[in-house]
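Participant: Dropping in target.tsv, with TSV, C-alpha atoms and all ligand atoms.
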```tsv
chain	number	residue	atom	x	y	z
A	296	MET	CA	283.46	37.36	-1.89
A	297	CYS	CA	281.53	37.01	1.35
A	298	ILE	CA	282.72	34.75	4.13
A	299	GLU	CA	279.75	32.34	3.64
A	300	SER	CA	280.76	31.73	-0.02
A	301	ILE	CA	284.36	30.97	0.97
A	302	VAL	CA	283.20	28.50	3.64
A	303	LEU	CA	280.86	26.83	1.12
A	304	MET	CA	283.66	26.56	-1.47
A	305	LEU	CA	286.03	25.01	1.06
A	306	LEU	CA	283.32	22.55	2.13
A	307	ALA	CA	282.65	21.55	-1.50
A	308	CYS	CA	286.39	20.95	-2.07
A	309	THR	CA	286.67	18.78	1.06
A	310	VAL	CA	283.61	16.69	0.13
A	311	GLY	CA	284.88	16.32	-3.46
A	312	MET	CA	288.29	15.17	-2.26
A	313	SER	CA	286.96	12.71	0.25
A	314	THR	CA	284.57	11.05	-2.22
A	315	SER	CA	287.26	10.68	-4.88
A	316	VAL	CA	289.60	8.79	-2.53
A	317	MET	CA	286.86	6.92	-0.70
A	318	LYS	CA	286.62	3.24	-1.65
A	319	THR	CA	283.81	0.81	-0.91
A	320	GLU	CA	284.47	-2.34	1.07
A	321	PRO	CA	284.02	-5.19	-1.45
A	322	ILE	CA	281.59	-8.01	-0.63
A	323	LEU	CA	280.73	-11.20	-2.52
A	324	LEU	CA	277.72	-13.29	-1.51
A	325	VAL	CA	276.79	-16.57	-3.25
A	326	HIS	CA	274.09	-19.21	-2.94
A	327	GLY	CA	274.13	-22.84	-3.96
A	328	GLY	CA	270.40	-23.55	-4.13
A	329	ALA	CA	267.40	-23.81	-1.84
A	330	GLY	CA	265.32	-26.86	-0.98
A	331	ASP	CA	265.36	-30.04	1.03
A	332	ILE	CA	269.15	-30.48	0.69
A	333	PRO	CA	269.93	-33.99	1.98
A	334	ASP	CA	272.58	-34.27	4.74
A	335	GLU	CA	274.94	-36.22	2.50
A	336	ARG	CA	275.03	-33.39	-0.07
A	337	VAL	CA	275.79	-30.64	2.47
A	338	PRO	CA	279.62	-31.10	2.63
A	339	THR	CA	280.11	-31.00	-1.15
A	340	LYS	CA	277.89	-27.95	-1.48
A	341	MET	CA	279.68	-26.15	1.36
A	342	ALA	CA	283.07	-26.94	-0.22
A	343	GLY	CA	281.87	-25.78	-3.64
A	344	MET	CA	280.47	-22.48	-2.32
A	345	ARG	CA	283.66	-21.84	-0.34
A	346	LYS	CA	285.74	-22.29	-3.50
A	347	SER	CA	283.35	-20.07	-5.44
A	348	VAL	CA	283.61	-17.27	-2.85
A	349	LEU	CA	287.40	-17.52	-2.68
A	350	VAL	CA	287.75	-17.29	-6.46
A	351	GLY	CA	285.19	-14.48	-6.85
A	352	PHE	CA	286.46	-12.44	-3.91
A	353	GLN	CA	290.01	-12.62	-5.26
A	354	VAL	CA	288.72	-10.66	-8.27
A	355	LEU	CA	287.27	-7.95	-6.01
A	356	LYS	CA	290.37	-7.83	-3.84
A	357	ALA	CA	292.52	-7.21	-6.91
A	358	GLY	CA	290.30	-4.23	-7.79
A	359	GLY	CA	288.20	-6.15	-10.34
A	360	SER	CA	284.58	-5.34	-11.13
A	361	ALA	CA	281.50	-6.74	-9.42
A	362	ILE	CA	280.37	-8.42	-12.67
A	363	ASP	CA	283.77	-10.11	-13.13
A	364	ALA	CA	283.54	-11.43	-9.56
A	365	VAL	CA	279.95	-12.65	-10.00
A	366	GLU	CA	280.82	-14.42	-13.26
A	367	ALA	CA	283.97	-16.01	-11.82
A	368	ALA	CA	282.12	-17.23	-8.70
A	369	ILE	CA	279.26	-18.70	-10.71
A	370	LYS	CA	281.58	-20.43	-13.20
A	371	VAL	CA	283.17	-22.34	-10.32
A	372	MET	CA	279.77	-23.73	-9.33
A	373	GLU	CA	278.76	-24.38	-12.96
A	374	ASP	CA	281.80	-26.67	-13.19
A	375	ASP	CA	280.90	-28.51	-9.98
A	376	GLU	CA	278.60	-31.53	-10.07
A	377	ALA	CA	277.33	-30.63	-6.57
A	378	PHE	CA	275.21	-27.85	-8.11
A	379	ASN	CA	272.31	-27.70	-10.51
A	380	ALA	CA	274.03	-25.48	-13.12
A	381	GLY	CA	276.37	-26.16	-16.04
A	382	TYR	CA	277.83	-29.64	-15.54
A	383	GLY	CA	275.56	-31.43	-13.04
A	384	SER	CA	272.37	-29.65	-14.16
A	385	VAL	CA	269.17	-31.56	-13.52
A	386	LEU	CA	267.46	-33.19	-16.50
A	387	ASN	CA	264.23	-32.62	-18.38
A	388	THR	CA	261.75	-35.47	-18.95
A	389	ASP	CA	263.78	-36.57	-22.00
A	390	GLY	CA	266.92	-36.86	-19.85
A	391	GLU	CA	268.60	-33.80	-21.38
A	392	VAL	CA	270.25	-30.68	-19.92
A	393	GLU	CA	268.61	-27.35	-20.80
A	394	MET	CA	270.07	-24.39	-18.91
A	395	ASP	CA	269.09	-20.83	-18.03
A	396	ALA	CA	271.13	-17.90	-16.72
A	397	CYS	CA	270.92	-14.16	-16.15
A	398	VAL	CA	273.22	-11.27	-15.20
A	399	MET	CA	272.42	-7.70	-14.25
A	400	LEU	CA	274.43	-4.60	-13.36
A	401	GLY	CA	273.60	-1.73	-11.03
A	402	ASN	CA	272.99	0.57	-14.01
A	403	LEU	CA	270.15	-1.80	-15.08
A	404	SER	CA	272.10	-3.39	-17.96
A	405	ALA	CA	270.98	-7.01	-18.19
A	406	GLY	CA	271.43	-10.17	-20.24
A	407	ALA	CA	269.81	-13.59	-20.07
A	408	VAL	CA	269.69	-16.94	-21.85
A	409	SER	CA	267.20	-19.75	-21.62
A	410	ILE	CA	267.02	-23.38	-22.83
A	411	VAL	CA	270.68	-23.39	-23.88
A	412	ARG	CA	272.42	-26.68	-24.51
A	413	ASP	CA	275.96	-28.05	-24.60
A	414	ILE	CA	277.87	-25.07	-23.26
A	415	GLN	CA	279.78	-25.19	-19.99
A	416	HIS	CA	279.08	-21.65	-18.78
A	417	PRO	CA	275.62	-20.22	-19.46
A	418	ILE	CA	276.43	-17.31	-17.12
A	419	SER	CA	279.13	-16.11	-19.54
A	420	LEU	CA	276.70	-16.38	-22.45
A	421	ALA	CA	274.17	-14.26	-20.52
A	422	ARG	CA	276.92	-11.68	-20.02
A	423	LEU	CA	277.67	-11.70	-23.76
A	424	VAL	CA	273.98	-11.02	-24.46
A	425	MET	CA	274.23	-7.99	-22.16
A	426	GLU	CA	277.50	-6.72	-23.62
A	427	LYS	CA	277.25	-7.59	-27.31
A	428	THR	CA	273.61	-7.25	-28.30
A	429	PRO	CA	270.85	-4.65	-28.09
A	430	HIS	CA	268.57	-7.31	-26.52
A	431	VAL	CA	268.14	-8.69	-23.02
A	432	MET	CA	267.32	-12.34	-23.63
A	433	PHE	CA	267.93	-15.18	-26.08
A	434	ALA	CA	266.30	-18.60	-25.91
A	435	GLY	CA	266.64	-22.06	-27.42
A	436	ALA	CA	268.11	-22.42	-30.90
A	437	GLY	CA	268.72	-18.64	-31.17
A	438	ALA	CA	270.70	-18.64	-27.94
A	439	ASN	CA	272.85	-21.52	-29.14
A	440	ARG	CA	273.37	-19.84	-32.51
A	441	PHE	CA	274.43	-16.62	-30.75
A	442	ALA	CA	276.88	-18.65	-28.64
A	443	ARG	CA	278.38	-20.13	-31.79
A	444	GLU	CA	278.67	-16.71	-33.43
A	445	GLN	CA	280.47	-15.40	-30.34
A	446	GLY	CA	282.95	-18.29	-30.45
A	447	VAL	CA	281.72	-19.81	-27.18
A	448	PRO	CA	283.17	-23.33	-26.91
A	449	PHE	CA	280.65	-26.19	-27.16
A	450	VAL	CA	280.96	-29.48	-25.30
A	451	ALA	CA	279.94	-32.85	-26.75
A	452	PRO	CA	276.16	-33.43	-26.61
A	453	GLY	CA	275.30	-35.25	-23.38
A	454	SER	CA	278.59	-34.45	-21.65
A	455	LEU	CA	276.94	-32.10	-19.11
A	456	VAL	CA	274.75	-34.99	-17.90
A	457	SER	CA	276.17	-36.22	-14.60
A	458	GLU	CA	275.56	-39.62	-13.01
A	459	SER	CA	273.84	-38.00	-10.02
A	460	ALA	CA	271.49	-36.06	-12.34
A	461	LYS	CA	270.57	-39.35	-14.06
A	462	ARG	CA	269.88	-40.98	-10.69
A	463	SER	CA	267.81	-37.99	-9.57
A	464	LEU	CA	265.63	-38.16	-12.68
A	465	GLU	CA	265.11	-41.92	-12.28
A	466	MET	CA	264.23	-41.46	-8.62
A	467	PHE	CA	261.84	-38.63	-9.41
A	468	LYS	CA	260.09	-40.62	-12.16
A	469	LYS	CA	259.73	-43.59	-9.77
A	470	ASN	CA	258.36	-41.36	-6.96
A	471	GLN	CA	255.93	-39.71	-9.34
A	472	ALA	CA	254.72	-43.07	-10.73
A	473	GLU	CA	254.17	-44.41	-7.18
A	474	HIS	CA	252.31	-41.25	-6.20
A	475	LEU	CA	250.04	-41.57	-9.24
A	476	THR	CA	249.27	-45.21	-8.47
A	477	GLU	CA	248.45	-44.36	-4.85
A	478	THR	CA	246.27	-41.35	-5.64
A	479	GLY	CA	244.73	-42.58	-8.92
A	480	HIS	CA	245.63	-39.26	-10.56
A	481	THR	CA	246.49	-39.16	-14.25
A	482	LYS	CA	250.05	-38.53	-15.40
A	483	PRO	CA	250.90	-34.80	-15.37
A	484	PRO	CA	253.18	-33.36	-18.05
A	485	GLY	CA	255.69	-32.00	-15.52
A	486	PRO	CA	256.69	-32.49	-11.85
A	487	LEU	CA	253.88	-32.72	-9.27
A	488	LYS	CA	254.14	-30.61	-6.11
A	489	ASP	CA	253.55	-33.52	-3.71
A	490	VAL	CA	256.22	-35.75	-5.19
A	491	LYS	CA	259.62	-35.76	-3.50
A	492	ASN	CA	262.08	-34.43	-6.07
A	493	PRO	CA	265.65	-35.31	-5.12
A	494	GLY	CA	267.50	-33.35	-7.79
A	495	ASP	CA	265.68	-30.17	-7.08
A	496	VAL	CA	268.37	-28.35	-5.16
A	497	GLY	CA	271.43	-26.50	-6.32
A	498	THR	CA	270.76	-23.54	-8.58
A	499	VAL	CA	273.61	-21.06	-8.11
A	500	GLY	CA	273.76	-17.30	-7.79
A	501	ALA	CA	276.00	-14.44	-6.72
A	502	VAL	CA	275.73	-10.76	-5.84
A	503	ALA	CA	278.67	-8.40	-5.35
A	504	ILE	CA	279.79	-4.87	-4.70
A	505	ASP	CA	283.27	-3.82	-5.81
A	506	ILE	CA	285.68	-1.20	-4.48
A	507	ASN	CA	284.19	1.43	-6.75
A	508	GLY	CA	280.73	0.77	-5.33
A	509	ASN	CA	279.51	-0.93	-8.54
A	510	MET	CA	277.08	-3.80	-8.06
A	511	ALA	CA	276.18	-6.93	-10.04
A	512	ALA	CA	273.96	-9.99	-9.69
A	513	GLY	CA	273.84	-13.31	-11.55
A	514	THR	CA	272.03	-16.65	-11.38
A	515	SER	CA	272.45	-19.92	-13.31
A	516	THR	CA	270.42	-23.15	-13.29
A	517	GLY	CA	269.54	-26.43	-14.94
A	518	GLY	CA	265.95	-25.77	-13.82
A	519	LEU	CA	263.65	-28.30	-12.19
A	520	ASN	CA	264.33	-32.03	-12.22
A	521	GLY	CA	261.82	-33.72	-14.54
A	522	LYS	CA	260.67	-30.42	-16.08
A	523	MET	CA	258.94	-30.47	-19.46
A	524	VAL	CA	261.15	-29.98	-22.51
A	525	GLY	CA	261.38	-26.26	-23.37
A	526	ARG	CA	260.38	-25.03	-19.91
A	527	VAL	CA	261.83	-21.61	-19.06
A	528	SER	CA	262.90	-20.95	-15.48
A	529	ASP	CA	262.56	-17.90	-13.27
A	530	THR	CA	266.37	-17.83	-13.12
A	531	SER	CA	266.57	-16.33	-16.59
A	532	MET	CA	263.75	-13.86	-15.95
A	533	ILE	CA	265.00	-10.41	-15.01
A	534	GLY	CA	263.11	-9.43	-11.85
A	535	SER	CA	262.34	-12.99	-10.74
A	536	GLY	CA	265.66	-14.84	-10.42
A	537	THR	CA	267.94	-11.83	-10.63
A	538	TYR	CA	267.77	-8.08	-10.12
A	539	CYS	CA	270.27	-5.31	-9.54
A	540	ASP	CA	269.87	-1.56	-9.12
A	541	GLU	CA	272.79	0.53	-7.88
A	542	ASP	CA	270.34	2.92	-6.16
A	543	VAL	CA	269.14	0.04	-3.97
A	544	GLY	CA	270.98	-3.31	-4.13
A	545	ALA	CA	271.36	-6.71	-5.77
A	546	VAL	CA	269.37	-9.96	-5.44
A	547	SER	CA	269.65	-13.57	-6.65
A	548	THR	CA	266.92	-16.11	-5.86
A	549	THR	CA	266.50	-19.88	-5.92
A	550	GLY	CA	263.67	-22.33	-5.29
A	551	HIS	CA	260.44	-23.26	-7.01
A	552	GLY	CA	260.84	-21.20	-10.16
A	553	ASP	CA	257.29	-21.27	-11.46
A	554	THR	CA	256.30	-19.69	-8.15
A	555	ILE	CA	259.22	-17.23	-7.96
A	556	ALA	CA	258.25	-16.02	-11.45
A	557	LYS	CA	254.66	-15.29	-10.37
A	558	ALA	CA	255.93	-13.32	-7.38
A	559	CYS	CA	258.61	-11.42	-9.38
A	560	LEU	CA	260.60	-12.18	-6.27
A	561	ALA	CA	263.93	-10.45	-6.89
A	562	HIS	CA	262.30	-7.22	-8.01
A	563	SER	CA	259.79	-7.30	-5.13
A	564	ILE	CA	262.67	-7.48	-2.65
A	565	ILE	CA	264.40	-4.52	-4.32
A	566	LYS	CA	261.15	-2.51	-4.25
A	567	GLU	CA	260.67	-3.11	-0.52
A	568	MET	CA	264.26	-2.00	0.10
A	569	GLU	CA	263.62	1.08	-1.99
A	570	HIS	CA	260.76	1.87	0.36
A	571	GLY	CA	262.97	1.62	3.41
A	572	LYS	CA	263.22	-2.06	4.44
A	573	SER	CA	266.63	-3.54	5.22
A	574	ALA	CA	268.03	-6.27	2.93
A	575	GLN	CA	267.14	-8.91	5.54
A	576	ASP	CA	263.62	-7.62	6.29
A	577	ALA	CA	262.75	-7.20	2.62
A	578	ALA	CA	263.93	-10.75	1.84
A	579	SER	CA	262.06	-12.34	4.75
A	580	HIS	CA	258.87	-10.37	4.13
A	581	CYS	CA	258.71	-11.09	0.37
A	582	LEU	CA	259.58	-14.76	0.78
A	583	GLU	CA	257.07	-15.37	3.58
A	584	LYS	CA	254.38	-13.56	1.61
A	585	MET	CA	255.13	-15.61	-1.52
A	586	THR	CA	255.17	-18.95	0.31
A	587	ASN	CA	251.97	-18.18	2.27
A	588	ARG	CA	250.13	-17.23	-0.86
A	589	LEU	CA	251.49	-19.67	-3.43
A	590	LYS	CA	252.50	-22.60	-1.16
A	591	HIS	CA	255.95	-23.19	-2.62
A	592	THR	CA	259.29	-22.33	-1.07
A	593	ALA	CA	262.35	-20.37	-2.19
A	594	GLY	CA	265.34	-18.42	-0.93
A	595	ALA	CA	267.23	-15.23	-1.73
A	596	ILE	CA	270.59	-13.61	-1.20
A	597	VAL	CA	270.53	-9.82	-1.02
A	598	LEU	CA	273.12	-7.08	-0.84
A	599	SER	CA	272.19	-3.46	-0.24
A	600	LYS	CA	274.17	-0.64	-1.83
A	601	GLU	CA	275.43	0.17	1.69
A	602	GLY	CA	276.84	-3.37	1.95
A	603	ASP	CA	274.19	-4.92	4.23
A	604	VAL	CA	273.72	-8.63	3.68
A	605	GLY	CA	270.31	-10.34	3.65
A	606	ILE	CA	269.86	-14.13	3.54
A	607	TYR	CA	266.46	-15.76	3.86
A	608	PHE	CA	264.69	-18.93	2.74
A	609	THR	CA	261.32	-20.54	3.35
A	610	SER	CA	262.66	-23.93	2.18
A	611	LYS	CA	264.19	-26.35	4.67
A	612	ARG	CA	267.68	-25.28	3.66
A	613	MET	CA	269.60	-22.98	1.35
A	614	GLY	CA	273.35	-23.05	0.79
A	615	TRP	CA	274.94	-19.61	1.10
A	616	ALA	CA	278.39	-18.11	1.71
A	617	TYR	CA	279.91	-14.64	1.66
A	618	GLN	CA	283.22	-12.94	2.10
A	619	LYS	CA	283.75	-9.49	3.57
A	620	GLY	CA	287.27	-8.51	4.61
A	621	ASN	CA	289.17	-11.65	5.52
A	622	LYS	CA	286.16	-13.60	6.81
A	623	ILE	CA	284.00	-16.13	5.01
A	624	HIS	CA	280.61	-16.84	6.58
A	625	SER	CA	278.59	-19.80	5.31
A	626	GLY	CA	275.76	-22.15	6.14
A	627	VAL	CA	272.75	-24.14	5.02
A	628	ASN	CA	270.52	-23.36	8.01
A	629	HIS	CA	269.14	-20.18	9.48
A	630	ASP	CA	270.74	-20.84	12.85
A	631	HIS	CA	274.11	-22.43	12.13
A	632	VAL	CA	276.71	-20.07	10.66
A	633	VAL	CA	280.28	-21.17	10.04
A	634	THR	CA	282.83	-18.35	10.14
A	635	GLU	CA	286.35	-18.82	8.84
A	636	GLU	CA	289.28	-16.45	8.59
A	637	VAL	CA	291.16	-16.58	5.28
B	1	LIG	N1	264.54	-21.70	-9.64
B	1	LIG	C1	265.03	-22.84	-10.37
B	1	LIG	C2	263.97	-23.26	-11.38
B	1	LIG	O1	262.83	-23.38	-11.03
B	1	LIG	C3	265.37	-24.03	-9.51
B	1	LIG	C4	266.15	-23.74	-8.26
B	1	LIG	O2	266.36	-22.61	-7.90
B	1	LIG	O3	266.57	-24.72	-7.62
B	1	LIG	O4	264.30	-23.51	-12.48
```
Let me see the file written as structure tokens.
Ligand code: ASP
Facilitator:
Amino acid sequence: MCIESIVLMLLACTVGMSTSVMKTEPILLVHGGAGDIPDERVPTKMAGMRKSVLVGFQVLKAGGSAIDAVEAAIKVMEDDEAFNAGYGSVLNTDGEVEMDACVMLGNLSAGAVSIVRDIQHPISLARLVMEKTPHVMFAGAGANRFAREQGVPFVAPGSLVSESAKRSLEMFKKNQAEHLTETGHTKPPGPLKDVKNPGDVGTVGAVAIDINGNMAAGTSTGGLNGKMVGRVSDTSMIGSGTYCDEDVGAVSTTGHGDTIAKACLAHSIIKEMEHGKSAQDAASHCLEKMTNRLKHTAGAIVLSKEGDVGIYFTSKRMGWAYQKGNKIHSGVNHDHVVTEEV
């Protein structure tokens, strides 16, 4: 055997050894919705996101998978009235909760549900679609039937309707009626762009990378306050609200869903990263482009496969928080970051 072959063999052994013991630094990044978040709702959202990150990161720290962390983090916010997901979801024009959710893994496995009713954790149902069926998405009655077949617990009809969601719908209907009187326009079937919509903030999402370098993304929402019955949100659309590709990264978005869907926002961000942009630059470029062209705002959280974090929003605010090592960073503005050691 020549000396070059021996050197090459030794090199291969060393590389093999180092990759097998090498572990990735885990990161969990969550958002709690984009929009005109009123000052009085900031503290509850910050507290809810902090709890979500602590719970989800604990999973990663214990060696758990990225998808387990994403699901755990989102479930915390689905239980919290401060967010537009699970309990506390905004209401459709009939005053009912209809929810959407999606999960995706780095190997492109995905599952989504839309227009589901009376279950506490749509994110877990989306995961069941991914893990237990050959399909990627269930909607309406079929989604609820699948939940029943899987033994997902149901809550009493109406019990996901929170007092603040009721107030938000009333306020929105009043604002829309006043706007129509002032402008002389006829009643639209769904929410009008120019009408202030108080409940419109608080969709939740999470992206994570675990110690084995596996990635996952998930998003869950009650949709838009005052939406038409049966409306499907971007959140449940793979490529709009959620995308994950282990060769590139993971994204969860929030904001005006009918616009995010047209821009295929999450997938657009991943594509720009694939072509060399950083997580932050891809997020800012895609969001600015979408808002300039379609005149509605949104936000995104992004994690690259190398562990770079991207956070960007064209709305006034977006709630976000992430943990890396023993530090949690969080905020609702571009310029004010709170850092805490845990
Ligand atoms: N994207 C969600 C929807 O339009 C709402 C949100 O993110 O706040 O249903």
Participant: Name the closest residue to ligand LIG 1 (chain B) among the candidates A:Asn628, A:Ser515, A:Gln618, A:Thr476; distances are taken between atoms, counting all atoms listed in the file.
Facilitator: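 Ranking A:Asn628, A:Ser515, A:Gln618, A:Thr476 by distance to ligand LIG 1 (chain B), first place goes to A:Ser515.
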Participant: Neighbouring residues of ligand LIG 1 (chain B) are defined here as those with any atom at most 6 Å from a ligand atom, counting only C-alpha atoms and all ligand atoms; list them as a list in words.
Facilitator: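 Here is the list of contacting residues: Gly328, Ala329, Asp495, Val496, Gly497, Thr498, Gly518, Leu519, Ser528, Asp529, Thr530, Thr549, Gly550, His551, Gly552 and Asp553 of chain A.
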Participant: Determine, counting only C-alpha atoms, which protein, DNA and RNA residues have an atom within 6 Å of an atom of segment 536-541 of chain A; residues of the same chain fewer than 6 positions away are not included. Present the result as a PyMOL selection string.
Facilitator: chain A and resi 399-401+403+512+529-530+547-548+561-562
Participant: Using 10 Å as the limit and counting only C-alpha atoms, can you tabulate each residue of segment 554-633 of chain A that touches segment 505-508 of chain A, with its shortest atom-to-atom distance in Å and the two atoms involved, as a Markdown table?
Facilitator:
```
| residue | atom | partner | partner_atom | distance |
| --- | --- | --- | --- | --- |
| A:Lys600 | CA | A:Gly508 | CA | 7.6 |
| A:Glu601 | CA | A:Gly508 | CA | 8.8 |
| A:Gly602 | CA | A:Gly508 | CA | 9.2 |
```
Participant: Taking C-alpha atoms for each residue, export the selection above as a tab-separated table (two decimals), in the frame of the given file.
Facilitator:
```
chain	number	residue	atom	x	y	z
A	600	LYS	CA	274.17	-0.64	-1.83
A	601	GLU	CA	275.43	0.17	1.69
A	602	GLY	CA	276.84	-3.37	1.95
```
Participant: Go through A:Val350, A:Val408, A:Ala380, A:Ala556 one by one, measure the shortest atom-to-atom distance of each to Gly327 of chain A using only C-alpha atoms, and give the residue with the smallest value.
Facilitator: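 So, comparing all the options, the nearest one is A:Ala380.
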Participant: Provide the atom CA of Lys590 of chain A to atom CA of Tyr607 of chain A distance in Å, to one decimal place.
Facilitator: 16.3 Å
Participant: Any idea what the distance is between atom CA of Val632 of chain A and atom CA of His591 of chain A?
Facilitator: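 Spanning atom CA of Val632 of chain A to atom CA of His591 of chain A is a straight-line distance of 24.8 Å.
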Participant: Calculate how many Å separate atom CA of Glu320 of chain A from atom CA of Gly620 of chain A, rounding to one decimal.
Facilitator: 7.6 Å
Participant: What are the nearest atom pairs, with distances in Å to one decimal, for all residues of segment 497-614 of chain A that come at most 6 Å from segment 352-370 of chain A, using all atoms listed in the file, set out by chain and rising residue number as a tab-separated table?
Facilitator:
```
residue	atom	partner	partner_atom	distance
A:Ala501	CA	A:Val365	CA	5.4
A:Ala503	CA	A:Ala361	CA	5.2
A:Ile504	CA	A:Ala361	CA	5.4
A:Asp505	CA	A:Ala361	CA	5.0
A:Met510	CA	A:Ala361	CA	5.5
A:Ala511	CA	A:Ile362	CA	5.2
```
